[in-house]
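A.B. asks: The file below is coords01.cif, mmCIF, C-alpha atoms and all ligand atoms:
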```cif
data_coords
loop_
_atom_site.label_atom_id
_atom_site.label_comp_id
_atom_site.auth_asym_id
_atom_site.auth_seq_id
_atom_site.Cartn_x
_atom_site.Cartn_y
_atom_site.Cartn_z
CA MET A 1 0.00 0.00 0.00
CA ALA A 2 1.03 3.60 -0.39
CA TYR A 3 1.52 5.01 3.06
CA THR A 4 0.44 8.63 3.26
CA VAL A 5 1.02 11.38 5.77
CA SER A 6 -2.08 12.79 7.43
CA PRO A 7 -2.55 16.50 6.81
CA LEU A 8 -1.80 18.70 9.80
CA ALA A 9 -4.88 19.62 11.83
CA PHE A 10 -3.47 23.13 12.27
CA ALA A 11 -1.62 25.83 10.31
CA TYR A 12 2.17 25.79 10.14
CA ASP A 13 2.36 28.83 12.41
CA ALA A 14 -0.29 27.64 14.89
CA LEU A 15 2.27 26.35 17.38
CA GLU A 16 4.17 29.64 17.61
CA PRO A 17 5.94 30.74 19.71
CA TYR A 18 6.67 27.23 21.04
CA ILE A 19 7.43 25.51 17.75
CA ASP A 20 8.13 27.81 14.80
CA ALA A 21 6.28 27.67 11.49
CA ARG A 22 9.32 26.85 9.34
CA THR A 23 10.22 23.89 11.55
CA VAL A 24 6.65 22.54 11.41
CA GLU A 25 6.56 22.91 7.62
CA ILE A 26 9.89 21.20 6.92
CA HIS A 27 9.36 18.57 9.60
CA HIS A 28 5.90 17.56 8.37
CA ASP A 29 6.14 18.15 4.61
CA LYS A 30 9.71 16.97 4.08
CA HIS A 31 11.00 14.74 6.90
CA HIS A 32 7.75 12.92 7.62
CA VAL A 33 6.77 12.61 3.97
CA THR A 34 10.17 11.06 3.19
CA TYR A 35 9.66 8.35 5.83
CA ALA A 36 6.25 7.47 4.36
CA THR A 37 7.61 7.42 0.81
CA ARG A 38 10.54 5.18 1.70
CA LEU A 39 8.24 2.85 3.64
CA SER A 40 5.96 2.60 0.60
CA ASP A 41 8.94 1.89 -1.67
CA ALA A 42 10.17 -0.89 0.61
CA VAL A 43 6.78 -2.56 1.08
CA ALA A 44 6.11 -2.40 -2.67
CA LYS A 45 8.79 -5.11 -3.08
CA HIS A 46 6.46 -7.53 -1.26
CA PRO A 47 2.94 -7.46 -2.72
CA GLU A 48 1.79 -9.89 -0.01
CA LEU A 49 2.16 -7.04 2.50
CA ALA A 50 -0.04 -4.68 0.49
CA THR A 51 -2.90 -4.73 3.01
CA LYS A 52 -0.76 -4.30 6.13
CA SER A 53 -1.00 -1.09 8.09
CA VAL A 54 2.21 0.44 9.37
CA GLU A 55 1.10 -0.46 12.90
CA GLN A 56 0.69 -4.11 11.91
CA LEU A 57 4.14 -4.18 10.33
CA LEU A 58 5.84 -2.58 13.34
CA SER A 59 3.99 -4.77 15.82
CA ASP A 60 5.64 -7.88 14.39
CA LEU A 61 8.93 -6.99 12.73
CA SER A 62 10.02 -10.63 12.77
CA ALA A 63 7.22 -11.36 10.28
CA VAL A 64 8.53 -8.70 7.89
CA PRO A 65 10.75 -10.15 5.13
CA GLU A 66 14.38 -9.76 6.06
CA ASP A 67 15.37 -7.74 2.99
CA ILE A 68 13.04 -4.88 4.01
CA ARG A 69 12.99 -5.35 7.82
CA THR A 70 15.46 -2.55 8.54
CA ALA A 71 13.67 -0.22 6.14
CA VAL A 72 10.33 -0.96 7.83
CA ARG A 73 11.84 -0.47 11.27
CA ASN A 74 13.39 2.88 10.31
CA HIS A 75 10.96 4.38 7.80
CA GLY A 76 7.85 2.64 9.13
CA GLY A 77 8.80 3.75 12.62
CA GLY A 78 9.49 7.21 11.26
CA HIS A 79 6.05 7.34 9.66
CA ALA A 80 4.08 5.98 12.64
CA ASN A 81 6.01 7.99 15.24
CA HIS A 82 5.43 11.26 13.40
CA GLU A 83 1.72 10.49 12.92
CA LEU A 84 1.42 10.26 16.73
CA TYR A 85 3.58 13.34 17.28
CA TRP A 86 1.38 15.57 15.08
CA LEU A 87 -1.83 14.05 16.43
CA THR A 88 -0.98 14.80 20.05
CA ILE A 89 0.11 18.43 19.69
CA GLY A 90 -1.78 21.51 18.61
CA PRO A 91 -2.68 25.08 19.35
CA LYS A 92 -4.53 25.67 22.64
CA GLY A 93 -2.58 22.76 24.11
CA GLY A 94 -0.60 22.45 27.29
CA GLY A 95 -1.69 22.71 30.88
CA GLU A 96 -2.46 19.72 33.05
CA PRO A 97 -4.41 16.74 31.78
CA GLY A 98 -7.89 15.94 33.01
CA GLY A 99 -9.91 12.86 32.19
CA LYS A 100 -8.80 9.31 32.77
CA ILE A 101 -5.23 10.08 31.64
CA GLY A 102 -4.99 12.80 34.28
CA ASP A 103 -6.14 10.35 36.96
CA ALA A 104 -3.76 7.63 35.74
CA ILE A 105 -0.77 10.00 35.74
CA LYS A 106 -1.57 11.10 39.30
CA ALA A 107 -1.98 7.50 40.41
CA LYS A 108 1.35 6.45 38.86
CA TRP A 109 3.60 9.43 39.65
CA GLY A 110 1.78 11.18 42.46
CA GLY A 111 1.13 14.31 40.44
CA PHE A 112 1.53 15.95 37.05
CA GLU A 113 4.76 17.80 37.90
CA ALA A 114 6.51 14.57 38.91
CA PHE A 115 5.40 12.90 35.67
CA LYS A 116 6.53 15.92 33.67
CA GLU A 117 10.00 15.68 35.17
CA VAL A 118 10.27 11.99 34.32
CA MET A 119 9.05 12.47 30.73
CA SER A 120 11.23 15.55 30.20
CA ALA A 121 14.30 13.72 31.51
CA ALA A 122 13.66 10.72 29.24
CA SER A 123 13.35 13.05 26.23
CA VAL A 124 16.22 15.41 27.04
CA ASN A 125 18.65 12.64 28.01
CA GLN A 126 18.02 10.38 25.00
CA PHE A 127 21.55 10.21 23.54
CA GLY A 128 21.48 11.22 19.89
CA SER A 129 18.33 11.03 17.79
CA GLY A 130 15.21 9.46 19.21
CA TRP A 131 11.93 9.91 21.00
CA GLY A 132 10.50 10.31 24.50
CA TRP A 133 7.43 8.16 25.11
CA LEU A 134 4.40 7.78 27.33
CA VAL A 135 3.02 4.31 26.64
CA VAL A 136 0.56 1.79 28.01
CA ARG A 137 2.12 -1.58 28.85
CA ASN A 138 -0.16 -4.26 30.29
CA GLY A 139 -2.64 -1.56 31.21
CA GLU A 140 -0.02 0.53 33.08
CA LEU A 141 1.54 3.84 32.08
CA GLU A 142 5.30 3.80 31.45
CA VAL A 143 7.81 6.42 30.32
CA TYR A 144 11.00 5.73 28.36
CA SER A 145 12.94 6.84 25.32
CA SER A 146 13.80 5.07 22.08
CA LEU A 147 16.69 5.37 19.69
CA ASN A 148 16.40 6.48 16.06
CA GLN A 149 12.88 5.66 14.81
CA ASP A 150 12.24 2.60 16.98
CA SER A 151 8.54 2.29 17.77
CA PRO A 152 7.05 1.13 21.10
CA LEU A 153 4.70 -1.01 18.99
CA SER A 154 7.65 -3.31 18.23
CA GLN A 155 7.91 -4.24 21.91
CA GLY A 156 4.18 -4.64 22.41
CA ASP A 157 3.51 -1.25 24.00
CA LYS A 158 0.76 1.20 23.03
CA PRO A 159 2.12 4.75 22.67
CA VAL A 160 -0.19 7.60 23.71
CA LEU A 161 2.19 10.61 23.69
CA THR A 162 5.58 11.29 22.20
CA CYS A 163 8.22 13.99 22.06
CA ASP A 164 10.40 13.96 18.94
CA VAL A 165 13.95 14.82 20.00
CA TRP A 166 15.64 14.50 16.62
CA GLU A 167 17.47 17.75 15.93
CA HIS A 168 15.22 18.40 12.91
CA ALA A 169 12.35 18.87 15.40
CA TYR A 170 13.94 21.92 17.02
CA TYR A 171 17.30 22.97 15.60
CA LEU A 172 16.14 25.93 13.46
CA HIS A 173 14.70 27.73 16.46
CA TYR A 174 16.44 26.23 19.49
CA GLN A 175 19.77 25.14 17.94
CA ASN A 176 21.49 22.85 20.46
CA LEU A 177 19.12 23.70 23.31
CA ARG A 178 17.06 20.52 23.42
CA PRO A 179 15.84 21.15 27.01
CA LYS A 180 14.30 24.48 25.94
CA TYR A 181 12.44 22.78 23.08
CA VAL A 182 11.16 20.00 25.36
CA GLU A 183 9.95 22.58 27.88
CA ALA A 184 8.16 24.48 25.08
CA TRP A 185 6.66 21.26 23.68
CA TRP A 186 4.64 20.80 26.89
CA SER A 187 2.75 23.98 25.97
CA VAL A 188 1.36 22.38 22.80
CA VAL A 189 0.43 18.92 24.09
CA ASN A 190 -3.18 18.10 23.19
CA TRP A 191 -4.32 16.31 26.35
CA SER A 192 -7.84 15.55 25.16
CA LYS A 193 -6.35 13.56 22.28
CA VAL A 194 -3.91 11.81 24.63
CA ASP A 195 -6.84 10.92 26.89
CA GLU A 196 -8.70 9.47 23.90
CA LEU A 197 -5.69 7.32 22.96
CA TYR A 198 -5.20 6.26 26.57
CA GLN A 199 -8.81 5.15 26.93
CA ALA A 200 -8.55 3.15 23.70
CA ALA A 201 -5.28 1.58 24.91
CA ILE A 202 -6.75 0.32 28.17
CA ALA A 203 -10.11 -0.76 26.70
MN MN3 A 301 10.93 14.11 13.43
#
```
Take the structure I supplied and represent it as structure tokens, if you would.
C.D. replies:
Amino acid sequence: MAYTVSPLAFAYDALEPYIDARTVEIHHDKHHVTYATRLSDAVAKHPELATKSVEQLLSDLSAVPEDIRTAVRNHGGGHANHELYWLTIGPKGGGEPGGKIGDAIKAKWGGFEAFKEVMSAASVNQFGSGWGWLVVRNGELEVYSSLNQDSPLSQGDKPVLTCDVWEHAYYLHYQNLRPKYVEAWWSVVNWSKVDELYQAAIA
């Protein structure tokens, strides 16, 4: 199948001043689109995979033919990870989560600020390119980071929020200051969407 990038639900400049318009445009229209294109090119070599979603492919990499497994891991991960990233940020974001996700975060970490520190640390301290994650594992919330484009789906987890810490996500505006970008990213997190994903993940 041809894997396509979902259109942004907001204008390029809608995340200003936290994430600048030029970064959003290049990140979504160039970086993300390239992952989807390369995934499509790889999967096209195996017509038997034509009906598989990217989530299905990533959830069982061992079932992916060996000659395209690395491409699916990298470009499929790149596609799926960015889909979640764009879905869970937006204008009018930020603040503290309500809903079931808010309750679950309080139950797990004692409060939002403690969770925020854990998630920020995972994202900021990821060495090199990667992602910070909030996932559901066996019904429980967990935070960790992953390298490159590795997806939590490949280890059986259900991601509900992610912070892209590849330099392309922040370098134009924040240069080497990853912690400043991560702090700003909290101001655009779309908690109602995260709550929706969380409720689906525990259902
Ligand atoms: Mn990215």
A.B. asks: Could you check which of A:Tyr3, A:Trp131, A:Phe115, A:Trp109 is closest to ligand MN3 301 (chain A), using all atoms listed in the file?
C.D. replies: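 When distances to ligand MN3 301 (chain A) are compared using all atoms listed in the file, the smallest one comes from A:Trp131.
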A.B. asks: Go through A:Gln199, A:Ser6, A:Thr37, A:Gln126 one by one, measure the shortest atom-to-atom distance of each to Ala71 of chain A using only C-alpha atoms, and give the residue with the smallest value.
C.D. replies: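 The answer is A:Thr37, which sits nearest to Ala71 of chain A.
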A.B. asks: Env of segment 7-20 of chain A: 9 Å cut, atoms = all atoms listed in the file, seq-sep filter 3 positions within chain, self excluded. Answer as a list in words.
C.D. replies: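 Contacts, in chain order: Thr23, Val24, Glu25, His28, Trp86, Leu87, Ile89, Gly90, Pro91, Lys92, Ala169, Tyr170, Leu172, His173, Tyr181, Glu183, Ala184, Trp185, Trp186, Ser187 and Val188 of chain A.
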A.B. asks: Which is closer to ligand MN3 301 (chain A) than all the others in A:His79, A:His168, A:Arg137, A:Lys106, using all atoms listed in the file?
C.D. replies: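 Closest to ligand MN3 301 (chain A), using all atoms listed in the file: A:His168.
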A.B. asks: Using only C-alpha atoms, give me every residue within 10 Å of (-6.2, 11.9, 34.0) in file coordinates, as a ChimeraX atom specification.
C.D. replies: /A:96-107,112,191-192,194-195,198
A.B. asks: Give me, please, the distance in Å between atom CA of Val160 of chain A and atom CA of Ala42 of chain A, quoted to one decimal.
C.D. replies: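 Separation of atom CA of Val160 of chain A and atom CA of Ala42 of chain A: 26.7 Å.
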A.B. asks: Point out the residue among A:Ala2, A:Val143, A:Val165, A:Leu58 with the least atom-to-atom distance to ligand MN3 301 (chain A), counting all atoms listed in the file.
C.D. replies: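 Selected residue with least distance to ligand MN3 301 (chain A): A:Val165.
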A.B. asks: Could you jot down the atom CA of Ser145 of chain A to atom CA of Phe127 of chain A separation for me, Å, one decimal place?
C.D. replies: 9.4 Å
A.B. asks: Mind giving me the straight-line distance from atom CA of Val124 of chain A to atom CA of Asp164 of chain A in Å, one decimal?
C.D. replies: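 Computing it gives 10.1 Å between the two atoms.
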